[in-house]
$ cat model36.cif   # mmCIF, C-alpha atoms
data_coords
loop_
_atom_site.label_atom_id
_atom_site.label_comp_id
_atom_site.auth_asym_id
_atom_site.auth_seq_id
_atom_site.Cartn_x
_atom_site.Cartn_y
_atom_site.Cartn_z
CA MET A 51 -56.06 -173.79 -58.02
CA THR A 52 -55.60 -170.99 -60.56
CA GLY A 53 -52.70 -169.07 -59.08
CA ARG A 54 -54.88 -165.94 -59.21
CA TYR A 55 -55.74 -164.52 -55.80
CA VAL A 56 -58.97 -162.63 -55.36
CA VAL A 57 -60.98 -160.71 -52.79
CA THR A 58 -64.39 -162.21 -52.02
CA GLY A 59 -65.35 -160.27 -48.89
CA ILE A 60 -64.93 -156.69 -47.62
CA GLY A 61 -65.56 -155.28 -44.15
CA VAL A 62 -65.18 -151.57 -43.38
CA THR A 63 -65.05 -149.49 -40.21
CA ALA A 64 -64.52 -145.94 -41.46
CA PRO A 65 -65.16 -142.43 -40.13
CA ASN A 66 -67.69 -141.74 -42.92
CA GLY A 67 -69.51 -145.06 -42.73
CA LEU A 68 -69.66 -148.24 -40.69
CA GLY A 69 -69.99 -151.18 -43.04
CA THR A 70 -69.07 -151.40 -46.72
CA GLU A 71 -72.39 -150.17 -48.09
CA ARG A 72 -72.55 -147.08 -45.89
CA PHE A 73 -68.89 -146.25 -46.49
CA TRP A 74 -69.25 -146.56 -50.25
CA SER A 75 -72.47 -144.56 -50.50
CA SER A 76 -70.99 -141.81 -48.30
CA THR A 77 -67.80 -141.75 -50.36
CA LEU A 78 -69.61 -141.45 -53.67
CA ALA A 79 -71.82 -138.71 -52.20
CA GLY A 80 -68.78 -136.79 -50.90
CA ARG A 81 -69.88 -137.05 -47.25
CA SER A 82 -67.01 -136.47 -44.87
CA GLY A 83 -66.35 -138.08 -41.51
CA LEU A 84 -63.98 -135.35 -40.37
CA GLY A 85 -64.91 -133.21 -37.40
CA ARG A 86 -63.87 -131.91 -34.01
CA ILE A 87 -62.53 -134.63 -31.73
CA THR A 88 -65.24 -135.84 -29.32
CA ARG A 89 -63.50 -138.61 -27.38
CA PHE A 90 -61.70 -136.04 -25.24
CA ASP A 91 -61.53 -132.26 -25.09
CA PRO A 92 -59.04 -131.23 -27.80
CA ALA A 93 -58.97 -127.55 -26.78
CA PRO A 94 -55.51 -127.74 -25.12
CA TYR A 95 -53.97 -129.25 -28.27
CA PRO A 96 -53.00 -127.58 -31.55
CA VAL A 97 -54.76 -130.39 -33.49
CA THR A 98 -58.52 -130.45 -32.90
CA LEU A 99 -59.90 -132.36 -35.91
CA ALA A 100 -59.92 -136.08 -36.65
CA GLY A 101 -61.80 -138.78 -38.47
CA GLU A 102 -63.55 -140.70 -35.69
CA VAL A 103 -65.74 -143.77 -36.22
CA ARG A 104 -68.57 -142.08 -34.36
CA ASP A 105 -71.38 -144.58 -34.95
CA PHE A 106 -69.47 -147.60 -33.63
CA ALA A 107 -71.10 -149.10 -30.51
CA VAL A 108 -68.75 -151.89 -29.52
CA ASP A 109 -71.36 -153.82 -27.51
CA ASP A 110 -73.38 -154.24 -30.70
CA HIS A 111 -70.50 -156.19 -32.25
CA LEU A 112 -68.50 -157.94 -29.55
CA PRO A 113 -69.08 -159.67 -26.20
CA ARG A 114 -67.96 -157.93 -23.04
CA LYS A 115 -65.37 -160.62 -22.23
CA ILE A 116 -63.44 -159.54 -25.36
CA THR A 117 -63.87 -155.79 -25.13
CA VAL A 118 -62.45 -155.53 -21.60
CA GLN A 119 -59.16 -157.06 -22.70
CA THR A 120 -58.69 -155.24 -26.00
CA ASP A 121 -58.21 -151.75 -27.40
CA LEU A 122 -60.42 -149.90 -29.88
CA MET A 123 -58.05 -150.77 -32.73
CA THR A 124 -58.84 -154.44 -32.12
CA HIS A 125 -62.58 -153.79 -31.70
CA LEU A 126 -62.62 -152.19 -35.14
CA ALA A 127 -60.58 -155.03 -36.65
CA LEU A 128 -62.83 -157.71 -35.16
CA ALA A 129 -65.97 -155.95 -36.36
CA ALA A 130 -64.56 -155.48 -39.87
CA SER A 131 -63.51 -159.13 -39.93
CA GLU A 132 -67.02 -160.29 -39.06
CA MET A 133 -68.38 -158.12 -41.89
CA ALA A 134 -65.83 -159.43 -44.40
CA LEU A 135 -66.51 -163.08 -43.56
CA ALA A 136 -70.26 -162.54 -43.82
CA ASP A 137 -69.82 -160.73 -47.12
CA ALA A 138 -67.74 -163.62 -48.46
CA GLY A 139 -70.26 -166.19 -47.23
CA ILE A 140 -67.62 -168.04 -45.21
CA ASP A 141 -68.37 -169.69 -41.87
CA PRO A 142 -64.99 -170.31 -40.20
CA ALA A 143 -66.48 -173.09 -38.10
CA ARG A 144 -66.98 -175.08 -41.29
CA GLN A 145 -63.43 -174.57 -42.60
CA PRO A 146 -60.29 -176.59 -41.79
CA GLU A 147 -58.71 -174.60 -38.97
CA TYR A 148 -55.13 -174.92 -40.23
CA GLU A 149 -56.11 -173.70 -43.71
CA MET A 150 -57.27 -170.27 -42.50
CA ALA A 151 -54.75 -167.49 -41.91
CA VAL A 152 -54.79 -163.95 -40.49
CA MET A 153 -52.50 -161.15 -41.67
CA THR A 154 -53.05 -157.62 -40.35
CA ALA A 155 -51.28 -154.28 -40.35
CA ASN A 156 -50.95 -151.95 -37.40
CA SER A 157 -48.73 -148.98 -36.66
CA SER A 158 -49.78 -147.38 -33.38
CA GLY A 159 -50.75 -150.22 -31.06
CA GLY A 160 -53.45 -149.97 -28.40
CA ASN A 161 -52.98 -146.32 -27.46
CA GLU A 162 -56.29 -145.69 -25.74
CA PHE A 163 -56.07 -148.84 -23.60
CA GLY A 164 -52.42 -148.11 -22.83
CA GLN A 165 -53.09 -144.54 -21.75
CA ARG A 166 -55.81 -145.66 -19.37
CA GLU A 167 -53.54 -148.24 -17.73
CA ILE A 168 -50.55 -145.89 -17.53
CA GLN A 169 -52.72 -143.29 -15.82
CA ALA A 170 -53.79 -145.96 -13.32
CA LEU A 171 -50.14 -146.80 -12.70
CA TRP A 172 -49.15 -143.18 -12.07
CA SER A 173 -52.22 -142.39 -9.97
CA ASN A 174 -52.63 -145.52 -7.88
CA GLY A 175 -49.61 -147.77 -8.33
CA PRO A 176 -48.80 -151.02 -10.15
CA ARG A 177 -51.50 -153.09 -8.41
CA HIS A 178 -54.11 -151.05 -10.29
CA VAL A 179 -52.77 -151.92 -13.74
CA GLY A 180 -54.82 -154.65 -15.40
CA ALA A 181 -53.22 -157.85 -16.63
CA TYR A 182 -54.53 -157.25 -20.15
CA GLN A 183 -52.22 -154.26 -20.57
CA SER A 184 -49.53 -156.79 -21.46
CA ILE A 185 -51.37 -157.77 -24.66
CA ALA A 186 -53.88 -155.04 -25.54
CA TRP A 187 -51.25 -152.48 -26.57
CA PHE A 188 -49.33 -154.90 -28.81
CA TYR A 189 -49.23 -154.43 -32.60
CA ALA A 190 -50.20 -158.08 -33.11
CA ALA A 191 -53.18 -157.98 -30.74
CA SER A 192 -55.74 -157.76 -33.54
CA THR A 193 -54.21 -160.69 -35.43
CA GLY A 194 -54.24 -162.80 -32.28
CA GLN A 195 -57.79 -161.94 -31.28
CA ILE A 196 -59.15 -162.57 -34.79
CA SER A 197 -57.32 -165.91 -34.91
CA ILE A 198 -58.69 -166.97 -31.53
CA ARG A 199 -62.25 -165.80 -32.19
CA HIS A 200 -62.56 -167.66 -35.51
CA GLY A 201 -60.29 -170.63 -34.86
CA MET A 202 -57.87 -169.61 -37.61
CA ARG A 203 -54.73 -171.61 -36.88
CA GLY A 204 -52.90 -171.23 -40.18
CA PRO A 205 -50.04 -168.75 -40.75
CA CYS A 206 -50.67 -165.55 -38.79
CA GLY A 207 -48.70 -162.32 -38.60
CA VAL A 208 -48.64 -158.55 -38.42
CA ILE A 209 -46.79 -155.90 -40.44
CA ALA A 210 -45.87 -152.50 -38.99
CA THR A 211 -44.90 -150.19 -41.86
CA GLU A 212 -47.33 -147.37 -40.98
CA GLN A 213 -49.53 -146.28 -43.92
CA ALA A 214 -47.84 -148.75 -46.29
CA GLY A 215 -48.77 -151.63 -44.00
CA GLY A 216 -52.29 -151.91 -45.38
CA LEU A 217 -50.80 -152.97 -48.74
CA ASP A 218 -47.80 -154.87 -47.42
CA THR A 219 -50.01 -157.20 -45.40
CA VAL A 220 -52.21 -157.99 -48.43
CA ALA A 221 -49.06 -158.89 -50.35
CA GLN A 222 -48.07 -161.19 -47.49
CA ALA A 223 -51.54 -162.75 -47.63
CA ARG A 224 -50.98 -163.47 -51.32
CA ARG A 225 -47.72 -165.25 -50.47
CA VAL A 226 -49.52 -167.35 -47.85
CA LEU A 227 -52.16 -168.37 -50.39
CA ARG A 228 -49.42 -169.35 -52.81
CA GLY A 229 -48.10 -171.62 -50.07
CA GLY A 230 -51.37 -173.56 -49.99
CA THR A 231 -53.48 -171.86 -47.33
CA GLY A 232 -57.15 -171.82 -48.30
CA VAL A 233 -58.45 -168.51 -46.90
CA VAL A 234 -56.70 -165.43 -45.55
CA LEU A 235 -58.36 -162.64 -43.58
CA THR A 236 -56.20 -159.57 -44.14
CA GLY A 237 -56.19 -155.78 -43.87
CA GLY A 238 -55.51 -153.23 -41.19
CA THR A 239 -56.97 -150.90 -38.58
CA ASP A 240 -55.53 -148.23 -36.32
CA ALA A 241 -57.00 -146.11 -33.52
CA SER A 242 -54.56 -143.54 -32.18
CA LEU A 243 -56.82 -140.66 -31.15
CA SER A 244 -56.33 -140.72 -27.40
CA PRO A 245 -54.49 -137.66 -26.00
CA TYR A 246 -51.32 -139.75 -25.72
CA GLY A 247 -51.74 -141.10 -29.24
CA LEU A 248 -52.35 -137.66 -30.70
CA VAL A 249 -49.38 -136.05 -28.97
CA THR A 250 -46.98 -138.74 -30.21
CA GLN A 251 -47.94 -137.85 -33.79
CA MET A 252 -47.30 -134.12 -33.50
CA PRO A 253 -43.47 -134.11 -33.72
CA THR A 254 -43.70 -135.05 -37.41
CA GLY A 255 -45.05 -131.55 -38.13
CA MET A 256 -47.39 -133.07 -40.73
CA LEU A 257 -50.73 -132.87 -38.89
CA SER A 258 -53.11 -130.16 -40.01
CA ARG A 259 -53.86 -127.48 -37.41
CA SER A 260 -56.84 -126.08 -39.25
CA ALA A 261 -60.13 -126.03 -37.35
CA ASP A 262 -62.21 -126.07 -40.55
CA PRO A 263 -63.07 -129.65 -41.61
CA ASP A 264 -63.52 -128.51 -45.21
CA ARG A 265 -60.08 -126.89 -45.45
CA ALA A 266 -57.98 -129.03 -43.12
CA TYR A 267 -56.96 -131.84 -45.47
CA LEU A 268 -56.26 -130.69 -49.04
CA PRO A 269 -53.82 -133.03 -50.79
CA PHE A 270 -52.27 -131.62 -53.99
CA ASP A 271 -53.94 -128.26 -53.30
CA ILE A 272 -52.08 -124.96 -53.29
CA GLU A 273 -53.34 -124.50 -49.70
CA ALA A 274 -52.31 -127.95 -48.46
CA CYS A 275 -51.50 -127.67 -44.74
CA GLY A 276 -50.99 -131.24 -43.55
CA TYR A 277 -53.30 -134.16 -43.00
CA VAL A 278 -56.08 -134.96 -40.54
CA PRO A 279 -55.53 -138.13 -38.47
CA GLY A 280 -58.22 -140.78 -38.43
CA GLU A 281 -59.10 -144.22 -37.13
CA GLY A 282 -60.57 -147.41 -38.56
CA GLY A 283 -59.70 -149.34 -41.69
CA ALA A 284 -60.81 -152.41 -43.60
CA MET A 285 -60.49 -156.19 -43.60
CA LEU A 286 -60.63 -158.40 -46.68
CA VAL A 287 -61.19 -162.09 -47.37
CA MET A 288 -58.72 -163.45 -49.95
CA GLU A 289 -58.83 -166.80 -51.72
CA ASP A 290 -57.52 -168.53 -54.80
CA GLU A 291 -59.94 -167.74 -57.62
CA GLY A 292 -60.51 -171.39 -58.48
CA ALA A 293 -61.30 -172.30 -54.89
CA ALA A 294 -63.66 -169.33 -54.57
CA ARG A 295 -65.57 -170.36 -57.67
CA ALA A 296 -65.66 -174.00 -56.61
CA ARG A 297 -67.36 -173.12 -53.33
CA GLY A 298 -69.83 -170.84 -55.13
CA ALA A 299 -68.62 -167.46 -53.87
CA GLU A 300 -71.40 -164.91 -54.39
CA ARG A 301 -69.06 -162.26 -55.76
CA ILE A 302 -65.44 -161.64 -56.63
CA TYR A 303 -64.47 -157.99 -56.21
CA GLY A 304 -61.17 -158.25 -58.01
CA GLU A 305 -57.76 -159.87 -58.26
CA ILE A 306 -54.68 -158.82 -56.31
CA ALA A 307 -52.61 -158.75 -59.48
CA GLY A 308 -49.33 -156.98 -58.68
CA TYR A 309 -47.31 -155.55 -55.80
CA ALA A 310 -43.97 -153.97 -55.06
CA ALA A 311 -42.35 -152.21 -52.11
CA THR A 312 -39.35 -149.93 -51.84
CA PHE A 313 -37.62 -147.82 -49.21
CA ASP A 314 -36.60 -144.19 -49.53
CA PRO A 315 -32.95 -143.13 -49.09
CA ARG A 316 -32.00 -141.20 -45.99
CA PRO A 317 -32.97 -137.50 -45.90
CA GLY A 318 -30.36 -135.31 -47.56
CA SER A 319 -29.22 -138.04 -49.91
CA ASP A 320 -28.98 -137.23 -53.59
CA ARG A 321 -30.72 -140.53 -54.43
CA GLN A 322 -34.28 -140.47 -55.75
CA PRO A 323 -37.31 -141.40 -53.60
CA GLY A 324 -38.52 -144.95 -54.08
CA LEU A 325 -42.18 -144.42 -54.98
CA ARG A 326 -41.65 -144.51 -58.75
CA ARG A 327 -39.75 -147.78 -58.49
CA ALA A 328 -42.59 -149.24 -56.40
CA ILE A 329 -45.13 -148.21 -59.05
CA GLU A 330 -43.08 -149.69 -61.87
CA GLY A 331 -42.45 -152.87 -59.90
CA ALA A 332 -46.14 -153.39 -59.17
CA LEU A 333 -47.06 -152.87 -62.82
CA THR A 334 -44.38 -155.32 -63.89
CA ASP A 335 -45.57 -157.88 -61.34
CA ALA A 336 -49.13 -157.52 -62.66
CA ARG A 337 -47.94 -157.61 -66.28
CA VAL A 338 -49.84 -154.45 -67.16
CA THR A 339 -48.66 -151.32 -68.92
CA PRO A 340 -49.27 -147.78 -67.65
CA GLU A 341 -51.84 -147.32 -70.42
CA GLU A 342 -53.93 -150.14 -68.96
CA VAL A 343 -54.34 -148.47 -65.55
CA ASP A 344 -57.75 -146.81 -65.25
CA VAL A 345 -57.27 -145.02 -61.91
CA VAL A 346 -54.68 -144.38 -59.21
CA PHE A 347 -55.66 -144.18 -55.55
CA ALA A 348 -53.00 -141.77 -54.31
CA ASP A 349 -51.22 -141.75 -50.98
CA ALA A 350 -52.11 -138.02 -50.84
CA LYS A 351 -50.29 -136.90 -47.71
CA GLY A 352 -51.52 -133.31 -47.80
CA VAL A 353 -47.98 -132.04 -47.19
CA GLN A 354 -46.79 -129.88 -50.06
CA GLY A 355 -43.36 -131.41 -50.62
CA ALA A 356 -44.66 -134.97 -50.31
CA ASP A 357 -47.58 -134.22 -52.65
CA LEU A 358 -45.23 -132.77 -55.25
CA ARG A 359 -42.97 -135.84 -55.12
CA GLU A 360 -45.94 -138.17 -55.55
CA SER A 361 -47.27 -136.10 -58.45
CA GLN A 362 -43.86 -136.19 -60.13
CA ALA A 363 -43.64 -139.97 -59.76
CA LEU A 364 -47.07 -140.35 -61.36
CA ALA A 365 -46.18 -137.98 -64.19
CA GLU A 366 -42.94 -139.87 -64.84
CA VAL A 367 -44.78 -143.20 -65.15
CA PHE A 368 -48.08 -142.16 -66.76
CA GLY A 369 -47.26 -138.77 -68.25
CA PRO A 370 -48.60 -135.41 -67.00
CA PHE A 371 -52.36 -135.68 -66.45
CA GLY A 372 -52.05 -139.16 -67.95
CA VAL A 373 -54.31 -141.16 -65.61
CA PRO A 374 -57.27 -140.30 -63.33
CA VAL A 375 -56.12 -139.92 -59.73
CA THR A 376 -58.29 -139.91 -56.63
CA ALA A 377 -57.86 -139.61 -52.86
CA PRO A 378 -61.14 -140.39 -51.07
CA LYS A 379 -59.23 -140.31 -47.78
CA THR A 380 -60.00 -136.56 -47.75
CA MET A 381 -63.32 -137.76 -46.24
CA THR A 382 -61.79 -140.01 -43.57
CA GLY A 383 -58.35 -138.63 -42.74
CA ARG A 384 -55.21 -140.73 -42.86
CA LEU A 385 -55.89 -143.93 -40.95
CA TYR A 386 -52.27 -145.08 -40.78
CA ALA A 387 -52.18 -148.89 -41.12
CA GLY A 388 -55.92 -148.81 -41.80
CA GLY A 389 -55.62 -146.15 -44.50
CA ALA A 390 -54.18 -148.15 -47.37
CA ALA A 391 -56.44 -151.10 -46.50
CA LEU A 392 -59.43 -148.78 -46.80
CA ASP A 393 -58.08 -147.35 -50.08
CA LEU A 394 -57.73 -150.90 -51.37
CA ALA A 395 -61.33 -151.64 -50.40
CA ALA A 396 -62.39 -148.48 -52.28
CA ALA A 397 -60.34 -149.52 -55.31
CA LEU A 398 -61.99 -152.95 -55.36
CA LEU A 399 -65.41 -151.31 -55.14
CA ALA A 400 -64.46 -148.93 -57.95
CA VAL A 401 -63.54 -151.92 -60.12
CA HIS A 402 -66.68 -153.80 -59.10
CA HIS A 403 -69.02 -150.86 -59.82
CA SER A 404 -67.03 -149.09 -62.60
CA VAL A 405 -66.97 -145.67 -60.95
CA ILE A 406 -64.13 -143.55 -59.55
CA PRO A 407 -64.88 -141.97 -56.16
CA PRO A 408 -64.02 -138.30 -55.72
CA THR A 409 -61.46 -136.27 -53.83
CA THR A 410 -63.28 -133.57 -51.88
CA ASN A 411 -62.52 -129.90 -51.18
CA VAL A 412 -59.43 -129.57 -53.41
CA ALA A 413 -59.92 -126.32 -55.35
CA ARG A 414 -56.60 -125.42 -57.00
CA LEU A 415 -53.79 -127.83 -57.78
CA ALA A 416 -50.40 -126.69 -56.52
CA PRO A 417 -47.74 -125.86 -59.13
CA GLY A 418 -46.06 -129.04 -60.34
CA CYS A 419 -48.97 -131.30 -59.34
CA ASP A 420 -49.72 -132.25 -62.94
CA ILE A 421 -52.32 -134.92 -62.24
CA ASP A 422 -55.87 -135.55 -63.43
CA LEU A 423 -57.43 -135.38 -59.97
CA VAL A 424 -61.05 -136.57 -59.76
CA ARG A 425 -62.67 -133.83 -57.70
CA ASP A 426 -65.97 -133.40 -55.81
CA VAL A 427 -68.14 -135.79 -57.85
CA PRO A 428 -67.63 -139.41 -58.96
CA ARG A 429 -66.42 -140.11 -62.46
CA GLU A 430 -68.35 -142.79 -64.31
CA LYS A 431 -66.03 -144.89 -66.45
CA SER A 432 -65.03 -148.48 -67.02
CA VAL A 433 -62.55 -149.41 -64.29
CA ARG A 434 -60.81 -152.71 -64.92
CA THR A 435 -57.40 -151.97 -63.40
CA ALA A 436 -56.61 -149.78 -60.39
CA LEU A 437 -53.31 -148.88 -58.74
CA VAL A 438 -53.19 -148.15 -55.00
CA LEU A 439 -50.24 -146.26 -53.48
CA ALA A 440 -49.13 -145.87 -49.88
CA ARG A 441 -46.16 -144.30 -48.13
CA GLY A 442 -45.35 -145.05 -44.52
CA HIS A 443 -43.58 -142.69 -42.14
CA GLY A 444 -39.87 -143.40 -42.17
CA GLY A 445 -39.50 -144.16 -45.87
CA PHE A 446 -41.77 -147.10 -46.68
CA ASN A 447 -43.38 -147.20 -50.15
CA ALA A 448 -45.89 -149.73 -51.42
CA ALA A 449 -47.87 -150.08 -54.65
CA LEU A 450 -50.55 -152.65 -55.40
CA VAL A 451 -52.51 -153.39 -58.58
CA VAL A 452 -56.07 -154.76 -58.50
CA ARG A 453 -58.00 -155.73 -61.61
CA ALA A 454 -61.36 -157.07 -62.60
CA VAL A 455 -61.81 -160.80 -62.94
CA ARG A 456 -63.55 -162.11 -66.03
CA ASP A 457 -66.57 -164.36 -65.49
#
$ encode --input "model36.cif" --output "structure tokens"
Amino acid sequence: MTGRYVVTGIGVTAPNGLGTERFWSSTLAGRSGLGRITRFDPAPYPVTLAGEVRDFAVDDHLPRKITVQTDLMTHLALAASEMALADAGIDPARQPEYEMAVMTANSSGGNEFGQREIQALWSNGPRHVGAYQSIAWFYAASTGQISIRHGMRGPCGVIATEQAGGLDTVAQARRVLRGGTGVVLTGGTDASLSPYGLVTQMPTGMLSRSADPDRAYLPFDIEACGYVPGEGGAMLVMEDEGAARARGAERIYGEIAGYAATFDPRPGSDRQPGLRRAIEGALTDARVTPEEVDVVFADAKGVQGADLRESQALAEVFGPFGVPVTAPKTMTGRLYAGGAALDLAAALLAVHHSVIPPTTNVARLAPGCDIDLVRDVPREKSVRTALVLARGHGGFNAALVVRAVRD
């Protein structure tokens, strides 16, 4: 055991590509998955755009006996988990069951399943509500279903810190590995694009109401008007580096080297937001200096005040325009608990391939956003250390450092 914890498998279910290869090629090419909502008629709603995983046919990935008792968020998590395990070359049936763990993030629960059952209750009465409603809506449903499907009986859990959850759960996976567990399947997915799910998001006032997919989600731009919601996410296989090498892992994408989390003060307080402290804490945990960071994957909310605060935190740590910054989520929307997990997958791929993916459609940086934003086309450069940021609704901040592993 080395005490260094690495990612050996990645599985992606994203609006701009199902599977890691398709997601990565689409991201580097600047192909967006944003478009008009197709799962229901969005005309009566002020928000009409979303990042849907349009090419996902659940019957191609899961048996019917599972799909009837689970929500789309769990379908996406199960599919991504299968991809990650295959990518890592791990057959759970050949692993000690109590040495495999599952840690996921979720923030919205099974909205689509829940809406269907609630409509049955209102229309026809309680006898028409299925028994699986009691579990399909639950935040921990994906963790439970993954654990059952693969016989993973080690430590299992779920974290619900909205967008920050995709990083928080990876940090929890690292703690579990430190405790002696052999393999952890970790990450996050969300799927909150039912009418009920969409309406519950609107009171924040942060969703973009633009009907133009190319102008709806413009983080750090002078015309930023909110963010586009999305669904999907990513799952990762994590192991101790020594154990991964001993079993002959085909590839190691990178090391989970540092992490920190903070919480913002209440609105109206004269205390500073916590994002800068999270960044500094993650760098300290990883034992790297700001000068060693090759790229930052920004939270990039697309809300002008939030973008300015993130830009200021980056400038305070790295200096104005001091580090390349990217936000490929402009091609997927914000995926809530799945968003930071997908950003982390992109950061690992950036380290693995030494290329920074672009931020699309941002034309003019807003005043005060003094960042070196990688725009429209990838930037070829050596990427050995990447910082991923996430902020969850309600004040959660998380920062995570990944770095290349030497052969």
$ residues_near_point --input "model36.cif" --point "(-50.4, -150.9, -49.7)" --cutoff "7 Å" --atoms "all atoms listed in the file" --output "PyMOL selection string"
chain A and resi 214-218+390-391+438-440+448-450
$ residues_around --input "model36.cif" --residues "Ala395 in chain A" --least-positions-apart "3" --cutoff "7 Å" --atoms "all atoms listed in the file" --output "list in words"
Ile60, Ala284, Ala391, Leu392, Leu398 and Leu399 of chain A
$ resolve_selection --input "model36.cif" --expression "the PyMOL selection byres ((chain A and resi 362-376) around 7)" --output "PyMOL selection string"
chain A and resi 325-326+340+344-348+358-361+377-378+407-409+420-424
$ residues_around --input "model36.cif" --residues "Gly180 in chain A" --least-positions-apart "3" --cutoff "8 Å" --atoms "only C-alpha atoms" --output "VMD selection string"
chain A and resid 167 177 183
$ write_last_selection --input "model36.cif" --atoms "C-alpha atoms" --output "PDB file, in the coordinates of the input"
ATOM      1  CA  GLU A 167     -53.540-148.240 -17.730  1.00  0.00           C
ATOM      2  CA  ARG A 177     -51.500-153.090  -8.410  1.00  0.00           C
ATOM      3  CA  GLN A 183     -52.220-154.260 -20.570  1.00  0.00           C
TER       4      GLN A 183
END
$ closest_atom_pairs --input "model36.cif" --of "range 282-381 of chain A" --to "range 81-104 of chain A" --cutoff "9 Å" --atoms "only C-alpha atoms" --output "CSV"
residue,atom,partner,partner_atom,distance
A:Gly282,CA,A:Val103,CA,6.7
A:Thr380,CA,A:Ser82,CA,7.6
A:Met381,CA,A:Ser82,CA,4.1
$ atom_distance --input "model36.cif" --atom1 "CA of Pro269 in chain A" --atom2 "CA of Arg441 in chain A"
13.9 Å
$ atom_distance --input "model36.cif" --atom1 "CA of Asp271 in chain A" --atom2 "CA of Ala310 in chain A"
27.6 Å
$ closest_atom_pairs --input "model36.cif" --of "range 341-452 of chain A" --to "range 254-268 of chain A" --cutoff "8 Å" --atoms "all atoms listed in the file" --output "tab-separated table"
residue	atom	partner	partner_atom	distance
A:Gly352	CA	A:Leu268	CA	5.6
A:Val353	CA	A:Met256	CA	6.6
A:Thr380	CA	A:Tyr267	CA	6.1
A:Gly383	CA	A:Tyr267	CA	7.4
A:Asn411	CA	A:Asp264	CA	6.2
A:Val412	CA	A:Leu268	CA	5.5
$ write_last_selection --input "model36.cif" --atoms "C-alpha atoms" --output "JSON list (two decimals), keeping the file's coordinate frame"
[["chain", "number", "residue", "atom", "x", "y", "z"],
["A", 352, "GLY", "CA", -51.52, -133.31, -47.80],
["A", 353, "VAL", "CA", -47.98, -132.04, -47.19],
["A", 380, "THR", "CA", -60.00, -136.56, -47.75],
["A", 383, "GLY", "CA", -58.35, -138.63, -42.74],
["A", 411, "ASN", "CA", -62.52, -129.90, -51.18],
["A", 412, "VAL", "CA", -59.43, -129.57, -53.41]]
$ atom_distance --input "model36.cif" --atom1 "CA of Gly204 in chain A" --atom2 "CA of Gly232 in chain A"
9.2 Å
$ resolve_selection --input "model36.cif" --expression "the PyMOL selection byres ((chain A and resi 193) around 8)" --output "number ranges by chain"
A: 152-154, 190-192, 194-197, 206-208
$ resolve_selection --input "model36.cif" --expression "the PyMOL selection byres ((chain A and resi 322) around 12)" --output "JSON list (two decimals) with C-alpha atoms, keeping the file's coordinate frame"
[["chain", "number", "residue", "atom", "x", "y", "z"],
["A", 312, "THR", "CA", -39.35, -149.93, -51.84],
["A", 313, "PHE", "CA", -37.62, -147.82, -49.21],
["A", 314, "ASP", "CA", -36.60, -144.19, -49.53],
["A", 315, "PRO", "CA", -32.95, -143.13, -49.09],
["A", 316, "ARG", "CA", -32.00, -141.20, -45.99],
["A", 317, "PRO", "CA", -32.97, -137.50, -45.90],
["A", 318, "GLY", "CA", -30.36, -135.31, -47.56],
["A", 319, "SER", "CA", -29.22, -138.04, -49.91],
["A", 320, "ASP", "CA", -28.98, -137.23, -53.59],
["A", 321, "ARG", "CA", -30.72, -140.53, -54.43],
["A", 323, "PRO", "CA", -37.31, -141.40, -53.60],
["A", 324, "GLY", "CA", -38.52, -144.95, -54.08],
["A", 325, "LEU", "CA", -42.18, -144.42, -54.98],
["A", 326, "ARG", "CA", -41.65, -144.51, -58.75],
["A", 327, "ARG", "CA", -39.75, -147.78, -58.49],
["A", 359, "ARG", "CA", -42.97, -135.84, -55.12],
["A", 360, "GLU", "CA", -45.94, -138.17, -55.55],
["A", 362, "GLN", "CA", -43.86, -136.19, -60.13],
["A", 363, "ALA", "CA", -43.64, -139.97, -59.76],
["A", 445, "GLY", "CA", -39.50, -144.16, -45.87]]
$ closest_residue --input "model36.cif" --among "A:Leu437, A:Thr63, A:Asn174, A:Ala293" --to "Leu333 in chain A" --atoms "only C-alpha atoms"
A:Leu437
$ residues_around --input "model36.cif" --residues "Asp121 in chain A" --least-positions-apart "6" --cutoff "6 Å" --atoms "only C-alpha atoms" --output "VMD selection string"
chain A and resid 160 163 186
$ closest_residue --input "model36.cif" --among "A:Ala396, A:Ala155, A:Ala136, A:Ile272" --to "Ala210 in chain A" --atoms "all atoms listed in the file"
A:Ala155
$ residues_around --input "model36.cif" --residues "Asn161 in chain A" --least-positions-apart "2" --cutoff "12 Å" --atoms "all atoms listed in the file" --output "MDAnalysis selection string"
chainID A and resid 120:124 156:159 163:168 183 185:189 240:251 281
